[in-house]
Structures are given as structure tokens and as C-alpha cells.
$ cat final.cif   # mmCIF, N, CA and C atoms
data_final
#
loop_
_atom_site.label_atom_id
_atom_site.label_comp_id
_atom_site.auth_asym_id
_atom_site.auth_seq_id
_atom_site.Cartn_x
_atom_site.Cartn_y
_atom_site.Cartn_z
N MET A 1 18.51 -1.21 -8.01
CA MET A 1 18.94 -2.57 -8.23
C MET A 1 17.82 -3.35 -8.89
N PHE A 2 18.12 -4.02 -9.99
CA PHE A 2 17.12 -4.82 -10.71
C PHE A 2 16.79 -6.07 -9.92
N SER A 3 15.50 -6.31 -9.69
CA SER A 3 15.09 -7.50 -8.94
C SER A 3 14.04 -8.31 -9.69
N GLY A 4 13.89 -8.06 -10.99
CA GLY A 4 12.90 -8.77 -11.79
C GLY A 4 13.46 -10.05 -12.40
N ILE A 5 12.66 -10.66 -13.24
CA ILE A 5 13.06 -11.89 -13.92
C ILE A 5 13.29 -11.57 -15.38
N ILE A 6 14.44 -11.95 -15.91
CA ILE A 6 14.74 -11.75 -17.33
C ILE A 6 14.12 -12.90 -18.10
N GLU A 7 13.17 -12.59 -18.99
CA GLU A 7 12.47 -13.62 -19.76
C GLU A 7 13.09 -13.84 -21.13
N THR A 8 13.68 -12.80 -21.72
CA THR A 8 14.33 -12.92 -23.02
C THR A 8 15.24 -11.71 -23.22
N THR A 9 16.05 -11.76 -24.25
CA THR A 9 16.91 -10.62 -24.59
C THR A 9 16.64 -10.23 -26.03
N GLY A 10 17.08 -9.05 -26.41
CA GLY A 10 16.86 -8.59 -27.78
C GLY A 10 17.73 -7.40 -28.09
N ILE A 11 17.48 -6.80 -29.25
CA ILE A 11 18.23 -5.61 -29.67
C ILE A 11 17.25 -4.57 -30.21
N ILE A 12 17.66 -3.30 -30.14
CA ILE A 12 16.87 -2.23 -30.74
C ILE A 12 17.28 -2.15 -32.20
N LYS A 13 16.32 -2.40 -33.09
CA LYS A 13 16.58 -2.40 -34.53
C LYS A 13 16.48 -1.00 -35.13
N LYS A 14 15.50 -0.22 -34.65
CA LYS A 14 15.25 1.09 -35.26
C LYS A 14 14.66 2.03 -34.21
N ILE A 15 15.01 3.31 -34.30
CA ILE A 15 14.45 4.35 -33.44
C ILE A 15 13.87 5.43 -34.35
N ASN A 16 12.59 5.77 -34.13
CA ASN A 16 11.92 6.80 -34.93
C ASN A 16 11.36 7.88 -34.02
N LYS A 17 11.49 9.16 -34.46
CA LYS A 17 10.86 10.26 -33.73
C LYS A 17 9.37 10.23 -34.00
N SER A 18 8.58 10.46 -32.95
CA SER A 18 7.12 10.47 -33.07
C SER A 18 6.58 11.60 -32.20
N GLY A 19 6.25 12.71 -32.82
CA GLY A 19 5.79 13.86 -32.05
C GLY A 19 6.88 14.32 -31.10
N SER A 20 6.58 14.31 -29.80
CA SER A 20 7.57 14.73 -28.80
C SER A 20 8.29 13.53 -28.17
N GLY A 21 8.05 12.32 -28.71
CA GLY A 21 8.67 11.13 -28.14
C GLY A 21 9.43 10.32 -29.18
N LEU A 22 9.73 9.09 -28.82
CA LEU A 22 10.45 8.17 -29.69
C LEU A 22 9.74 6.83 -29.74
N ASN A 23 9.80 6.17 -30.89
CA ASN A 23 9.30 4.80 -31.04
C ASN A 23 10.50 3.90 -31.29
N PHE A 24 10.55 2.78 -30.56
CA PHE A 24 11.65 1.83 -30.70
C PHE A 24 11.14 0.56 -31.36
N GLU A 25 11.86 0.05 -32.35
CA GLU A 25 11.56 -1.25 -32.94
C GLU A 25 12.56 -2.24 -32.34
N VAL A 26 12.02 -3.24 -31.61
CA VAL A 26 12.85 -4.18 -30.87
C VAL A 26 12.69 -5.58 -31.44
N ILE A 27 13.81 -6.30 -31.58
CA ILE A 27 13.79 -7.70 -32.02
C ILE A 27 14.25 -8.54 -30.83
N THR A 28 13.48 -9.57 -30.49
CA THR A 28 13.84 -10.44 -29.36
C THR A 28 14.29 -11.81 -29.85
N ASN A 29 14.92 -12.55 -28.95
CA ASN A 29 15.36 -13.90 -29.26
C ASN A 29 14.20 -14.89 -29.31
N LYS A 30 13.08 -14.58 -28.63
CA LYS A 30 11.90 -15.44 -28.66
C LYS A 30 10.94 -14.92 -29.72
N LYS A 31 10.61 -15.74 -30.67
CA LYS A 31 9.71 -15.35 -31.75
C LYS A 31 8.34 -14.96 -31.18
N ASN A 32 7.79 -13.85 -31.64
CA ASN A 32 6.47 -13.32 -31.26
C ASN A 32 6.37 -12.95 -29.78
N TYR A 33 7.48 -12.79 -29.08
CA TYR A 33 7.44 -12.47 -27.64
C TYR A 33 6.74 -11.14 -27.38
N LEU A 34 7.02 -10.13 -28.18
CA LEU A 34 6.45 -8.81 -27.95
C LEU A 34 5.04 -8.65 -28.51
N LYS A 35 4.58 -9.61 -29.29
CA LYS A 35 3.27 -9.52 -29.95
C LYS A 35 2.14 -9.31 -28.94
N ASN A 36 2.16 -10.01 -27.82
CA ASN A 36 1.09 -9.92 -26.83
C ASN A 36 1.47 -9.12 -25.59
N LEU A 37 2.54 -8.35 -25.68
CA LEU A 37 2.97 -7.52 -24.56
C LEU A 37 1.96 -6.39 -24.37
N PRO A 38 1.42 -6.22 -23.16
CA PRO A 38 0.41 -5.18 -22.95
C PRO A 38 1.01 -3.78 -22.96
N VAL A 39 0.20 -2.80 -23.35
CA VAL A 39 0.61 -1.40 -23.31
C VAL A 39 0.94 -1.06 -21.86
N GLY A 40 2.05 -0.40 -21.65
CA GLY A 40 2.47 -0.01 -20.31
C GLY A 40 3.38 -1.02 -19.63
N ALA A 41 3.66 -2.14 -20.30
CA ALA A 41 4.55 -3.15 -19.74
C ALA A 41 5.96 -2.56 -19.62
N SER A 42 6.69 -2.98 -18.61
CA SER A 42 8.05 -2.49 -18.39
C SER A 42 9.05 -3.33 -19.17
N ILE A 43 9.90 -2.64 -19.93
CA ILE A 43 10.97 -3.30 -20.68
C ILE A 43 12.27 -2.62 -20.28
N SER A 44 13.27 -3.40 -19.90
CA SER A 44 14.56 -2.85 -19.51
C SER A 44 15.53 -2.94 -20.68
N VAL A 45 16.19 -1.83 -20.99
CA VAL A 45 17.20 -1.78 -22.05
C VAL A 45 18.49 -1.31 -21.40
N ASN A 46 19.49 -2.18 -21.37
CA ASN A 46 20.77 -1.89 -20.71
C ASN A 46 20.57 -1.40 -19.28
N GLY A 47 19.61 -1.99 -18.58
CA GLY A 47 19.36 -1.66 -17.18
C GLY A 47 18.42 -0.49 -16.96
N ALA A 48 18.01 0.21 -18.02
CA ALA A 48 17.09 1.34 -17.89
C ALA A 48 15.70 0.91 -18.32
N CYS A 49 14.71 1.09 -17.44
CA CYS A 49 13.33 0.70 -17.79
C CYS A 49 12.74 1.69 -18.78
N MET A 50 12.15 1.15 -19.84
CA MET A 50 11.53 1.98 -20.88
C MET A 50 10.03 2.04 -20.64
#
$ encode --input "final.cif" --output "C-alpha cells"
Amino acid sequence: MFSGIIETTGIIKKINKSGSGLNFEVITNKKNYLKNLPVGASISVNGACM
């Protein structure tokens, strides 16, 4: 059950393969919101934490 605070919403614009993983390009409703997001921060996409 999600118990966090939703700060903004967005969409996945692009998905790229990178080695054995994937890179996601995300656009949010708040301008520059992801610019200062620290490495390892939790982002939920359709209820699944990335």
C-alpha cells in the first residue's frame, strides 16, 4: 500500500536499453522537478517504484 506523498505527476517519454538495464526519459508537470532529484530517489510509475 502506497503511503507516501505525491509531489507531481508525469509521463514516460522514451525508454532506451542500456547494457543490461533500461533508461527512462520522464516529463513532469513541474518544470525542472527532476533536475535536482538525487541518484537513488524513489519514483513510482503506475504504483510500481522504479
$ atom_distance --input "final.cif" --atom1 "CA of Ser44 in chain A" --atom2 "CA of Ile6 in chain A"
9.2 Å
$ atom_distance --input "final.cif" --atom1 "atom N of Cys49 in chain A" --atom2 "atom C of Lys31 in chain A"
22.1 Å
$ resolve_selection --input "final.cif" --expression "the PyMOL selection byres (((chain A and resi 10-15 and name CA) around 10) and name CA)" --output "CSV table (one decimal) with N, CA and C atoms, in the frame of the given file"
chain,number,residue,atom,x,y,z
A,8,THR,N,13.7,-12.8,-21.7
A,8,THR,CA,14.3,-12.9,-23.0
A,8,THR,C,15.2,-11.7,-23.2
A,9,THR,N,16.0,-11.8,-24.2
A,9,THR,CA,16.9,-10.6,-24.6
A,9,THR,C,16.6,-10.2,-26.0
A,16,ASN,N,12.6,5.8,-34.1
A,16,ASN,CA,11.9,6.8,-34.9
A,16,ASN,C,11.4,7.9,-34.0
A,17,LYS,N,11.5,9.2,-34.5
A,17,LYS,CA,10.9,10.3,-33.7
A,17,LYS,C,9.4,10.2,-34.0
A,18,SER,N,8.6,10.5,-33.0
A,18,SER,CA,7.1,10.5,-33.1
A,18,SER,C,6.6,11.6,-32.2
A,22,LEU,N,9.7,9.1,-28.8
A,22,LEU,CA,10.4,8.2,-29.7
A,22,LEU,C,9.7,6.8,-29.7
A,23,ASN,N,9.8,6.2,-30.9
A,23,ASN,CA,9.3,4.8,-31.0
A,23,ASN,C,10.5,3.9,-31.3
A,24,PHE,N,10.6,2.8,-30.6
A,24,PHE,CA,11.6,1.8,-30.7
A,24,PHE,C,11.1,0.6,-31.4
A,25,GLU,N,11.9,0.0,-32.4
A,25,GLU,CA,11.6,-1.2,-32.9
A,25,GLU,C,12.6,-2.2,-32.3
A,26,VAL,N,12.0,-3.2,-31.6
A,26,VAL,CA,12.8,-4.2,-30.9
A,26,VAL,C,12.7,-5.6,-31.4
A,27,ILE,N,13.8,-6.3,-31.6
A,27,ILE,CA,13.8,-7.7,-32.0
A,27,ILE,C,14.2,-8.5,-30.8
A,28,THR,N,13.5,-9.6,-30.5
A,28,THR,CA,13.8,-10.4,-29.4
A,28,THR,C,14.3,-11.8,-29.8
A,29,ASN,N,14.9,-12.6,-29.0
A,29,ASN,CA,15.4,-13.9,-29.3
A,29,ASN,C,14.2,-14.9,-29.3
A,30,LYS,N,13.1,-14.6,-28.6
A,30,LYS,CA,11.9,-15.4,-28.7
A,30,LYS,C,10.9,-14.9,-29.7
A,45,VAL,N,16.2,-1.8,-21.0
A,45,VAL,CA,17.2,-1.8,-22.0
A,45,VAL,C,18.5,-1.3,-21.4
$ axis_aligned_box --input "final.cif" --around "range 30-43 of chain A" --padding-each-side "6 Å" --output "lines of an AutoDock Vina configuration file"
center_x = 6.6
center_y = -7.9
center_z = -25.1
size_x = 24.9
size_y = 27.7
size_z = 25.4
$ atom_distance --input "final.cif" --atom1 "atom C of Gly21 in chain A" --atom2 "CA of Asn36 in chain A"
22.0 Å
$ select_by_dssp --input "final.cif" --residues "chain A" --states "strand (DSSP E)" --output "ChimeraX atom specification"
/A:10-18,21-28,44-45,48-49
